[in-house]
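In what follows, a single structure is set out as structure tokens and then discussed.
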Amino acid sequence: MKFLHLVWMSLSRRRIRTTFTLLCIFIAFLLFGIVMAVRTAFTLGVDIAGLDRLVLINKVTLILPLPISYAQRIQQTPGVETVTHQTWFNGAYQQPTNVLTTLVVEPAPFLSIYPEFKLSAAEVEAWLADRQGAVVGKDLAERYGWKIGDRIPLSSSIWEPKEPWEFNVAGIYDGEKSVDKTQFLFRYDYFDENRNETLKGNVGWYIVKIADKSKALELSRTFDEMFANSGAETKTTTEKGFVESFAKQVGDIGSITVAIASTVLFMFGLVAASTMVQSVRERTSELAVLKTLGFSDTRILLLVLSESLFMTLLGGGLGLAAAWLVVQRGDPTGGLLPIFMLPRSNMAVGVGLMVLMGLVAGALPAMEAMRLRITDALRKA
Amino acid sequence: MNWLKQTIAVMSVNLRTIPSRLGSSAVAIIGIAGVVVVFVSVLSIAAGFAAAMTGSGSHDRALMLRTGADTELTSAIEGPLVRIIKEAPGIRKEGDVASASAELYVIVDLPKKATPDSPANVPMRGIEPLGLKVRDEISLIEGRPLRFGTNEVIVGKGAQNQFAGLNVGDTVVSGQNRWVVVGVFAANGGLAETEIWCDVQTLQSVYRRVNSFNSVLMNLQTPDSFEQLRDWIESNPQTKNVTVRRESEYYARQGETMARLINTLGFGVATLMAIGAVFGAILTMYTAVASRSREIATLRALGFNTLSVVVSVLIESLVLGAIGGTIGAIGAYLAFDGFQTSTMNFQSFSQVAFAFRVTPQLFATGLAYALAIGLLGGLLPAIRAARLPISRALREL
């Protein structure tokens with residue numbers, strides 16, 4: 001610790017250079033944090049989706065419905081805990097183009113399958129009591145200033161003939177950061193009674209909670225065989241597989257973001273490395289003096305390395321902290337990324353990368369400084 | 001003139017000594033090149049996506065959807081209404097009949113070549129016999145046109161490229177349905193190239209949507225006939241539930257969400273990177289000035305003009321920016337131009353195949369960016385070089 005002062009003095013030797021190097025590293029880790037948050041926005045759904053929840057969709061495509069009569073047959077299958085269904089409502093608020101994530105659900109089984117949607121007991125009760133009751137995410141409620149008891153009209157271009165559909169906000173759900181809090185959920189009974197006669201009795205897809213997740217594959221096959229050769233054949237996957245295939249459809253966001261992050265870190269790592277090389281070269285004679293005073297080779301090596309580590313950790317730490325602050329402000333695209341957060345694991349990776357960058361940038365000059373021969377170095381000066 | 005001569009003299013000394021400062025110059029060049037690569041390649045995604053969208057819509061075609069629906073998928077128009085719509089004025093005629101096609105648009109699950117184990121939403125469009133004629137940009141590049149009244153399909157070349165099992169002669173299995181691929185078509189790089197086309201009546205019976213369509217696409221007599229057509233549709237009580245728009249406007253809207261996402265993120269990342277690169281350039285130029293402070297002081301002691309020193313430092317920095325920018329832009333062009341990919345368009349809920357596009361404009365923007373970074377990076381060090389007291393600089397080192 002007593003050499004910290006020495007490290008500080010060498011860094012403040014050329015203040016401008018140190019400042020701009022720190023700024024470069026700051027920007028590098030600010031970018032790293034933001035890019036990782038974007039990556040998380042696209043892939044997080046996959047991480048939290050359950051392996052003990054199966055999704056049954058129409059084999060032809062998700063947009064074709066399944067009959068509601070399937071629920072009973074699924075429920076009777078051994079190994080099934082709870083069955084429920086959902087339907088895409090395509091509800092638009094205020095303008096026809098402002099489409100919200102609106103799902104038609106059955107309140108009780110929905111809440112038992114998705115305990116991560118947090119509602120108070122009073123809110124649950126209110127939802128179960130009111131056919132027109134709807135439950136909305138906290139972020140969505142904040143965006144439009146909705147409160148419990150508000151009456152919300154939505155229009156749907158798919159579901160006729162009702163126009164507009166009206167709902168009472170029965171509850172506002174909260175949850176962990178990783179839960180999408182922009183959804184609008186309302187009851188199937190209200191939905192089915194008000195939609196076009198010819199479409200009644202259908203649902204969008206089924207969600208099945210199973211008792212043992214190791215039986216997922218077996219049960220998937222059972223369901224698909226059960227409904228084979230019927231009017232609406234099914235395709236069953238785990239919820240995780242379902243969300244994953246969705247994320248894959250958007251494209252390989254994962255590798256694009258990793259490519260950007262590595263380019264950025266490589267570029268600015270290079271800047272840090274070149275600064276360290278110069279700074280050591282300039283101080284050849286000083287280092288020789290230290291050696292003359294009895295500093296061992298190892299100590300010189302550590303001195304230079306700690307200088308470079310100090311820089312990457314200070315600049316990078318501030319950068320990552322700034323990224324965290326930016327991410328706290330929420331989705332920068334205005335509603336396109338419902339989940340925008342910087343997971344702790346990514347922060348840890350960031351700190352690891354700072355250490356790595358500091359070591360790599362300092363390695364060459366540190367070795368050079370260590371190998372310095374006093375006589376040569378003093379003569380050069 | 002003297003001033004110019006001095007500047008050139010100082011500059012040539014500067015530039016000739018770059019090799020001796022190769023390390024720090026290379027850092028600046030690589031930094032700027034990296035910024036330009038990321039900037040140009042991210043925006044080439046946006047450019048390619050936008051090109052696919054704008055290439056899809058024609059100014060002289062009109063598209064009718066149900067009022068309130070902003071995509072074909074969520075629209076519905078029943079058969080009797082289609083007959084009324086086709087009588088509207090302003091629509092071009094093919095002999096006696098309107099040059100129009102009532103269509104059904106669905107999505108089917110097909111494996112993507114890049115991720116064979118997970119399905120993707122591929123758009124499938126049932127068209128009427130005139131549907132091929134209405135879109136004059138369509139050209140068959142392989143096989144033959146589909147025969148109406150059968151289960152034959154033709155596929156867009158983007159779809160053939162991105163999804164498995166869509167070559168001529170292949171059978172596409174979707175649920176209990178079988179479709180036979182008989183041809184491949186090109187559509188000017190537009191969205192249609194990601195679609196599979198079949199007979200609308202066959203599709204209606206397969207999807208149990210008898211005499212129901214999603215949209216009607218029609219040729220206008222002239223681009224100006226649009227107003228006439230719209231007025232008729234709006235004033236006729238029978239068509240009160242239909243909205244008509246130009247096809248070009250429809251597709252421009254379709255891509256908005258995705259384009260906004262790519263642009264916000266792309267510009268955000270590129271701007272931050274550019275700020276970082278400016279810092280990197282400042283660092284490099286400070287080093288350059290510092291290592292030559294004695295030479296610069298000597299020149300000034302000899303009577304060289306201060307301004308010529310400033311200009312020469314700036315020019316050096318600009319040269320570094322130009323080299324970095326060129327390397328970056330060429331790198332992005334070689335690596336990404338024409339790169340085929342597909343993504344899901346949030347609005348239509350289906351796949352769009354498109355190619356990255358490093359347009360000349362983008363190339364120029366990237367280069368301009370690099371020069372701006374060079375200029376900003378050189379400014380502070382240049383001023384410092386000019387203000388350094390001669391006596392102190394000569395004593396340094």
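Letters for chains follow the order of the structure tokens (A, B, ...), residue numbers begin at 1 for each chain, and ligand numbers begin at 1 in the order shown.
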
Which residues of chain A sit at most 8 Å from chain B, using only C-alpha atoms? Give each one's shortest atom pair and distance in Å (one decimal place), in chain and ascending residue order, as a tab-separated table.
residue	atom	partner	partner_atom	distance
A:Arg17	CA	B:Leu283	CA	6.2
A:Phe20	CA	B:Phe279	CA	5.7
A:Thr21	CA	B:Leu283	CA	7.3
A:Leu23	CA	B:Phe279	CA	6.9
A:Cys24	CA	B:Gly276	CA	5.1
A:Ile27	CA	B:Gly276	CA	5.7
A:Ala28	CA	B:Gly276	CA	7.3
A:Leu31	CA	B:Val269	CA	6.9
A:Val35	CA	B:Val269	CA	7.9
A:Lys59	CA	B:Gly175	CA	5.6
A:Val60	CA	B:Gly175	CA	4.8
A:Thr61	CA	B:Val108	CA	5.1
A:Ile63	CA	B:Ile107	CA	7.4
A:Pro96	CA	B:Gly68	CA	5.7
A:Thr97	CA	B:Asp70	CA	6.6
A:Ser157	CA	B:Ala69	CA	5.3
A:Ile158	CA	B:Thr74	CA	5.3
A:Asn229	CA	B:Gln176	CA	7.9
A:Glu233	CA	B:Gly175	CA	7.0
A:Ser245	CA	B:Ser118	CA	5.3
A:Phe246	CA	B:Ala120	CA	7.7
A:Lys248	CA	B:Thr115	CA	7.5
A:Gln249	CA	B:Met344	CA	5.5
A:Val250	CA	B:Thr343	CA	4.6
A:Gly251	CA	B:Thr343	CA	5.3
A:Ile260	CA	B:Val38	CA	6.9
A:Thr263	CA	B:Gly34	CA	6.7
A:Val264	CA	B:Met273	CA	7.3
A:Met267	CA	B:Gly31	CA	5.4
A:Phe268	CA	B:Gly31	CA	7.2
A:Leu270	CA	B:Val27	CA	6.5
A:Val271	CA	B:Val27	CA	6.1
A:Ser274	CA	B:Ser24	CA	6.5
A:Pro332	CA	B:Thr264	CA	7.8
A:Thr333	CA	B:Leu261	CA	6.4
A:Leu336	CA	B:Leu261	CA	7.1

Polymer residues at most 12 Å from Phe295 in chain A, only C-alpha atoms, same-chain spacing of 4 or more positions, as a ChimeraX atom specification | /A:3,286-291,299-303,369-370,374

Write the residues of the preceding selection, restricted to C-alpha atoms, as a compact mmCIF listing (two decimals), in the first residue's frame.
# COMPACT_ATOMS: atom_id res chain seq x y z
CA PHE A 3 3.70 2.38 -2.97
CA GLU A 286 13.72 7.07 -13.05
CA LEU A 287 13.14 3.33 -12.98
CA ALA A 288 16.89 2.82 -13.07
CA VAL A 289 17.23 5.10 -10.08
CA LEU A 290 14.62 3.06 -8.19
CA LYS A 291 16.56 -0.08 -8.98
CA ARG A 299 8.78 -4.99 -7.32
CA ILE A 300 9.40 -2.89 -10.44
CA LEU A 301 7.24 -5.32 -12.42
CA LEU A 302 4.45 -5.04 -9.87
CA LEU A 303 4.79 -1.29 -9.75
CA ALA A 369 11.06 -2.22 -16.98
CA MET A 370 11.96 -5.36 -15.08
CA ILE A 374 20.82 -0.02 -14.45

Range 103-258 of chain A: which residues are strand (DSSP E) by DSSP, as a PyMOL selection string?
-> chain A and resi 103-105+133-137+151-156+165-173+183-187+202-203+205-210+234-238

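Minimum distance to Trp3 in chain B across B:Gly303, B:Pro116, B:Gly57, B:Pro80 (counting only C-alpha atoms) occurs at B:Gly303.
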
Excluding range 132-144 of chain A and any residue of its chain fewer than 6 positions from it, enumerate the residues within 7 Å of it, using only C-alpha atoms, and give them as number ranges by chain.
-> A: 167-174, 181-187, 190

Apply DSSP to the backbone of this structure and, from range 27-235 of chain A, keep only the residues in alpha helix (DSSP H); write these as number ranges by chain.
-> A: 27-48, 70-75, 107-113, 121-129, 138-144, 188-194, 216-226

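Atom to atom, CA of Ser69 in chain A and CA of Leu199 in chain A stand 13.7 Å apart.
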
Spatial neighbours of Met357 in chain A, 10 Å, only C-alpha atoms, chain gap at least 6 places, as a list in words | Ile25, Leu265, Phe266, Phe268, Gly269, Leu270, Ala272, Ala273, Ser308, Leu309, Met311, Thr312, Leu313, Gly316, Val351 and Ala363 of chain A

Got a sec: who's within 10 Å of Thr82 in chain A, counting only C-alpha atoms, leaving out chain neighbours fewer than 2 positions off, as a PyMOL selection string?
-> chain A and resi 53+71+74-75+79-80+84+109-110+112-113+207-211

Requested write-out: C-alpha atoms of the selected residues, as a PDB file, in the first residue's frame:
ATOM      1  CA  ARG A  53     -43.926 -25.249 -18.497  1.00  0.00           C
ATOM      2  CA  ALA A  71     -57.982 -28.356 -21.980  1.00  0.00           C
ATOM      3  CA  ILE A  74     -54.618 -32.308 -21.374  1.00  0.00           C
ATOM      4  CA  GLN A  75     -55.640 -32.027 -17.710  1.00  0.00           C
ATOM      5  CA  GLY A  79     -47.989 -35.717 -14.824  1.00  0.00           C
ATOM      6  CA  VAL A  80     -49.896 -32.520 -15.576  1.00  0.00           C
ATOM      7  CA  THR A  84     -54.357 -22.842 -18.911  1.00  0.00           C
ATOM      8  CA  PRO A 109     -54.589 -20.811 -13.274  1.00  0.00           C
ATOM      9  CA  PHE A 110     -52.525 -18.021 -14.832  1.00  0.00           C
ATOM     10  CA  SER A 112     -50.694 -20.172 -10.143  1.00  0.00           C
ATOM     11  CA  ILE A 113     -48.500 -21.020 -13.158  1.00  0.00           C
ATOM     12  CA  ILE A 207     -49.599 -23.488 -21.232  1.00  0.00           C
ATOM     13  CA  VAL A 208     -49.155 -26.679 -19.233  1.00  0.00           C
ATOM     14  CA  LYS A 209     -47.362 -26.835 -15.891  1.00  0.00           C
ATOM     15  CA  ILE A 210     -45.901 -30.284 -15.403  1.00  0.00           C
ATOM     16  CA  ALA A 211     -44.911 -31.961 -12.179  1.00  0.00           C
TER      17      ALA A 211
END
